[in-house]
Every structure is written in C-alpha cells, then in structure tokens.
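What follows is the content of query_8.pdb, which has PDB, C-alpha atoms:
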MODEL        1
ATOM      1  CA  MET S  15       0.000   0.000   0.000
ATOM      2  CA  LYS S  16       2.845   2.363   0.888
ATOM      3  CA  LEU S  17       4.532   1.675  -2.466
ATOM      4  CA  ALA S  18       1.275   2.391  -4.310
ATOM      5  CA  TYR S  19       0.963   5.718  -2.473
ATOM      6  CA  CYS S  20       4.553   6.654  -3.367
ATOM      7  CA  ILE S  21       3.995   5.778  -7.025
ATOM      8  CA  PHE S  22       0.770   7.797  -7.093
ATOM      9  CA  SER S  23       2.565  10.750  -5.475
ATOM     10  CA  LEU S  24       5.375  10.548  -8.034
ATOM     11  CA  LEU S  25       2.873  10.482 -10.878
ATOM     12  CA  LEU S  26       0.998  13.435  -9.454
ATOM     13  CA  CYS S  27       4.172  15.476  -9.036
ATOM     14  CA  LEU S  28       5.743  14.657 -12.379
ATOM     15  CA  SER S  29       2.772  14.527 -14.762
ATOM     16  CA  THR S  30       1.778  18.166 -14.918
ATOM     17  CA  THR S  31       1.332  18.443 -18.670
ATOM     18  CA  ALA S  32      -0.663  16.578 -21.302
ATOM     19  CA  ASN S  33       2.507  15.913 -23.326
ATOM     20  CA  ALA S  34       4.777  13.001 -22.564
ATOM     21  CA  GLN S  35       7.462  14.029 -20.118
ATOM     22  CA  ASP S  36      10.926  12.475 -20.357
ATOM     23  CA  ILE S  37      12.536  11.561 -17.036
ATOM     24  CA  HIS S  38      16.222  10.595 -17.066
ATOM     25  CA  ILE S  39      17.275   8.318 -14.217
ATOM     26  CA  GLY S  40      20.848   7.363 -13.335
ATOM     27  CA  VAL S  41      21.070   3.972 -11.661
ATOM     28  CA  GLU S  42      23.883   1.793 -10.445
ATOM     29  CA  PRO S  43      23.554  -1.944 -11.078
ATOM     30  CA  PHE S  44      22.276  -3.642  -7.939
ATOM     31  CA  PRO S  45      20.756  -6.984  -8.993
ATOM     32  CA  PRO S  46      17.929  -7.861  -8.932
ATOM     33  CA  ILE S  47      16.697  -4.267  -8.453
ATOM     34  CA  VAL S  48      18.707  -3.002 -11.451
ATOM     35  CA  ASN S  49      20.853  -5.288 -13.599
ATOM     36  CA  GLU S  50      23.800  -4.171 -15.746
ATOM     37  CA  ASN S  51      21.724  -4.883 -18.864
ATOM     38  CA  GLY S  52      19.145  -2.261 -17.843
ATOM     39  CA  GLN S  53      16.544  -4.722 -16.563
ATOM     40  CA  GLY S  54      15.332  -5.469 -13.043
ATOM     41  CA  TYR S  55      12.526  -4.912 -10.540
ATOM     42  CA  ALA S  56      12.884  -1.118 -10.456
ATOM     43  CA  ILE S  57      12.967  -0.901 -14.255
ATOM     44  CA  ASP S  58       9.812  -3.050 -14.452
ATOM     45  CA  MET S  59       8.098  -0.768 -11.932
ATOM     46  CA  PHE S  60       8.900   2.368 -13.929
ATOM     47  CA  LYS S  61       7.780   0.707 -17.172
ATOM     48  CA  ALA S  62       4.442  -0.047 -15.486
ATOM     49  CA  ILE S  63       4.171   3.631 -14.516
ATOM     50  CA  GLU S  64       4.799   4.583 -18.155
ATOM     51  CA  LYS S  65       1.777   2.523 -19.222
ATOM     52  CA  ILE S  66      -0.606   4.480 -16.975
ATOM     53  CA  SER S  67       0.904   7.940 -17.271
ATOM     54  CA  ASP S  68       2.331  10.470 -19.685
ATOM     55  CA  LEU S  69       5.853   9.811 -18.402
ATOM     56  CA  LYS S  70       8.719   8.227 -20.327
ATOM     57  CA  PHE S  71      11.665   6.990 -18.267
ATOM     58  CA  HIS S  72      15.184   6.756 -19.697
ATOM     59  CA  PHE S  73      17.670   4.749 -17.656
ATOM     60  CA  HIS S  74      21.384   5.481 -17.638
ATOM     61  CA  ILE S  75      23.533   2.771 -16.031
ATOM     62  CA  MET S  76      26.465   4.285 -14.112
ATOM     63  CA  ASN S  77      28.149   4.085 -10.737
ATOM     64  CA  TYR S  78      26.649   5.965  -7.814
ATOM     65  CA  ALA S  79      29.390   8.615  -7.623
ATOM     66  CA  ARG S  80      28.881   9.561 -11.273
ATOM     67  CA  ALA S  81      25.077   9.531 -10.886
ATOM     68  CA  LYS S  82      25.381  12.049  -8.038
ATOM     69  CA  LYS S  83      27.548  14.353 -10.150
ATOM     70  CA  GLU S  84      25.145  14.117 -13.110
ATOM     71  CA  LEU S  85      22.183  14.871 -10.828
ATOM     72  CA  GLN S  86      23.958  17.912  -9.435
ATOM     73  CA  LYS S  87      24.719  19.121 -12.989
ATOM     74  CA  GLN S  88      21.011  18.553 -13.773
ATOM     75  CA  SER S  89      21.906  16.090 -16.535
ATOM     76  CA  LEU S  90      19.634  13.615 -14.726
ATOM     77  CA  ASP S  91      16.223  14.112 -13.144
ATOM     78  CA  MET S  92      16.540  11.292 -10.624
ATOM     79  CA  ILE S  93      19.096   8.787  -9.402
ATOM     80  CA  GLY S  94      18.388   5.415  -7.939
ATOM     81  CA  LEU S  95      19.366   3.324  -4.993
ATOM     82  CA  THR S  96      20.561   6.113  -2.757
ATOM     83  CA  PRO S  97      21.202   5.337   0.922
ATOM     84  CA  GLN S  98      18.163   7.174   2.299
ATOM     85  CA  GLY S  99      19.016   9.654   5.016
ATOM     86  CA  PHE S 100      22.719   8.755   5.035
ATOM     87  CA  GLU S 101      24.052  11.065   2.359
ATOM     88  CA  THR S 102      26.172  14.126   3.010
ATOM     89  CA  LYS S 103      24.719  17.540   3.838
ATOM     90  CA  SER S 104      25.971  18.899   0.524
ATOM     91  CA  PHE S 105      24.030  16.175  -1.338
ATOM     92  CA  TYR S 106      20.764  17.385   0.198
ATOM     93  CA  GLN S 107      21.446  20.910  -1.069
ATOM     94  CA  TYR S 108      20.466  19.714  -4.559
ATOM     95  CA  ALA S 109      18.700  16.379  -3.938
ATOM     96  CA  GLU S 110      15.765  14.976  -2.019
ATOM     97  CA  ASP S 111      14.996  11.440  -0.836
ATOM     98  CA  ILE S 112      11.880   9.549  -1.849
ATOM     99  CA  ASN S 113      10.903   7.085   0.861
ATOM    100  CA  TRP S 114      10.530   3.912  -1.248
ATOM    101  CA  SER S 115      11.704   0.476  -0.369
ATOM    102  CA  VAL S 116      11.862  -2.871  -2.130
ATOM    103  CA  THR S 117      12.623  -6.137  -0.386
ATOM    104  CA  ALA S 118      15.200  -8.109  -2.326
ATOM    105  CA  LYS S 119      17.162 -11.303  -1.899
ATOM    106  CA  VAL S 120      20.915 -11.106  -2.349
ATOM    107  CA  ASP S 121      22.899 -14.116  -3.505
ATOM    108  CA  LEU S 122      26.535 -14.401  -2.500
ATOM    109  CA  PHE S 123      29.042 -16.573  -4.321
ATOM    110  CA  ALA S 124      32.619 -17.550  -3.514
ATOM    111  CA  LEU S 125      35.123 -20.152  -4.616
ATOM    112  CA  ASP S 126      35.670 -21.221  -1.007
ATOM    113  CA  LYS S 127      33.218 -21.290   1.963
ATOM    114  CA  LYS S 128      35.862 -19.700   4.214
ATOM    115  CA  TYR S 129      35.042 -16.323   2.617
ATOM    116  CA  PHE S 130      31.599 -16.439   4.257
ATOM    117  CA  ASN S 131      33.103 -16.705   7.747
ATOM    118  CA  THR S 132      32.669 -13.196   9.154
ATOM    119  CA  GLN S 133      35.118 -14.020  11.967
ATOM    120  CA  LEU S 134      37.926 -13.992   9.367
ATOM    121  CA  LEU S 135      37.160 -10.460   8.181
ATOM    122  CA  PRO S 136      39.536  -7.693   9.248
ATOM    123  CA  ALA S 137      38.210  -5.602  12.141
ATOM    124  CA  GLN S 138      35.912  -2.766  11.045
ATOM    125  CA  SER S 139      35.881  -3.841   7.384
ATOM    126  CA  ILE S 140      33.133  -2.775   4.978
ATOM    127  CA  GLY S 141      32.293  -4.299   1.616
ATOM    128  CA  THR S 142      30.634  -2.084  -0.972
ATOM    129  CA  LEU S 143      29.753  -1.837  -4.645
ATOM    130  CA  ARG S 144      32.164  -0.078  -6.996
ATOM    131  CA  GLY S 145      31.647   3.665  -6.882
ATOM    132  CA  ASN S 146      30.403   3.753  -3.284
ATOM    133  CA  ALA S 147      33.739   3.747  -1.495
ATOM    134  CA  ASP S 148      33.800   7.557  -1.562
ATOM    135  CA  PHE S 149      30.397   7.705   0.158
ATOM    136  CA  PHE S 150      31.463   5.283   2.893
ATOM    137  CA  LEU S 151      34.694   7.161   3.470
ATOM    138  CA  ARG S 152      32.868  10.489   3.906
ATOM    139  CA  TYR S 153      30.184   8.843   6.066
ATOM    140  CA  LEU S 154      32.749   7.212   8.357
ATOM    141  CA  ILE S 155      34.775  10.426   8.662
ATOM    142  CA  TYR S 156      31.536  12.312   9.500
ATOM    143  CA  GLN S 157      30.691   9.708  12.179
ATOM    144  CA  GLU S 158      34.206   9.964  13.653
ATOM    145  CA  ILE S 159      34.053  13.768  13.756
ATOM    146  CA  SER S 160      30.588  13.629  15.363
ATOM    147  CA  LEU S 161      31.900  11.163  17.971
ATOM    148  CA  LEU S 162      34.889  13.416  18.704
ATOM    149  CA  LYS S 163      32.537  16.372  19.239
ATOM    150  CA  LEU S 164      30.499  14.347  21.729
ATOM    151  CA  VAL S 165      33.597  13.250  23.644
ATOM    152  CA  ALA S 166      35.232  16.691  23.690
TER     153      ALA S 166
ENDMDL
END
Encoded form (structure tokens):
Amino acid sequence: MKLAYCIFSLLLCLSTTANAQDIHIGVEPFPPIVNENGQGYAIDMFKAIEKISDLKFHFHIMNYARAKKELQKQSLDMIGLTPQGFETKSFYQYAEDINWSVTAKVDLFALDKKYFNTQLLPAQSIGTLRGNADFFLRYLIYQEISLLKLVA
C-alpha cells in the first residue's frame, strides 16, 4: 500500500502536462533491483508507470558517484538506490529522498566457503559496490568527527 501511495505521489508530481514528459534516471547496477543490462525490478516498476501515465523513463547505467555528479549538474532528473538519510549535507542541497523500499534477496558466491566466515574479516571492514567507497569514506569520517565532538 505504501509503495502504491509513493507511485501515485510521483505520478501526481511529475505529470503536470498533457505531453509526454521524459525523465532521465541514473542507476547503479544492484541486482535484482537493477541489472547491468538495464533490466530489473525497479525498471519493471517504472515501465508499469509509463503505461498508466504520460511519463517516459530513460535509464542510464552508471556508478553511484557519477550519478550524483550528473544529478547535481542537472543532466539527470533522478538517481536510484541512494542510501536514504545517510548522504552528506551537501548532497541534500540539490537532492531529495523519496521514501521507497523494495525487499530483495541477495545471492553471495565464492570459490571457497571460508570467505563467508565473518570471523575472518579484518576488524571494522566494509564491503561495498564499486563507486560507493567515496560515500562510505565520507560517512565514516563524519561519524568519527561527530563522535569526537560528543567526547570533547
């Protein structure tokens, strides 16, 4: 029900004219939500919206860091799969979160089962998709600075 409300709100906000409106969306592959071939659950959802609206969505596959830069330059109208509420303050100067969520299963593969043993991971290690390392670095530095302020 919440997803239907969000979709309806998006349609209401974006479909203000009788002519078809082109919406350019930058998305990073995150299977099964968005696959590298431009297919996936999110793509299917937007194609369903196209059928009942005057909107036409164009998907541009790119890493998250590039998508943010293109959004800021206004080369894109939307970007996908942002970490809601966890972006930097400067990001929210030009962007806004939409509170959508999709439950997805993630499959993990390795040549050896030992790689699934979390006890063998280095202390405080984080795994991330390509292009997101910059976000995690800034987020962790922000958390450390915030902690230092609380301690001081």
**Message:** Applying the PyMOL selection byres ((chain S and resi 95-108) around 10) to the file I just gave you, which residues come out? Please list them as JSON, numbers by chain.
**Reply:** {"S": [40, 41, 42, 43, 44, 47, 48, 56, 78, 81, 82, 83, 85, 86, 87, 88, 93, 94, 109, 110, 111, 112, 113, 114, 115, 149, 150, 152, 153, 156]}
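Atom pair atom CA of Glu50 of chain S / atom CA of Met76 of chain S: separated by 9.0 Å.
Counting only C-alpha atoms and comparing S:Ile75, S:Thr117, S:Asp36, S:Asn131, the residue that lies closest to Ile57 of chain S is S:Ile75.
Atom CA of Leu122 of chain S to atom CA of Leu135 of chain S spans 15.6 Å [interatomic distance, one decimal].
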**Item:** Distance in Å - atom CA of His74 of chain S versus atom CA of Met92 of chain S
**Value:** 10.3 Å
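Among the candidate residues S:Asn51, S:Glu84, S:Asp91, S:Ile63, the one lying nearest to His38 of chain S is S:Asp91, with distances computed using only C-alpha atoms.
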**Request:** Run the PyMOL selection byres ((chain S and resi 35) around 7) mentally over the shown coordinates, then write out the matched residues as a ChimeraX atom specification, using the chain letters and numbers from the document.
**Result:** /S:33-34,36-37,68-70
**Request:** Could you check which of S:Ile39, S:Leu134, S:Asp58, S:Leu125 is closest to Leu90 of chain S, using only C-alpha atoms?
**Result:** S:Ile39
Return as AutoDock Vina command-line options the box centre and box size in Å, one decimal, for an axis-aligned box around all listed atoms of segment 52-66 of chain S padded by 4 Å per side.
--center_x 9.3 --center_y -0.4 --center_z -14.8 --size_x 27.8 --size_y 18.1 --size_z 16.8
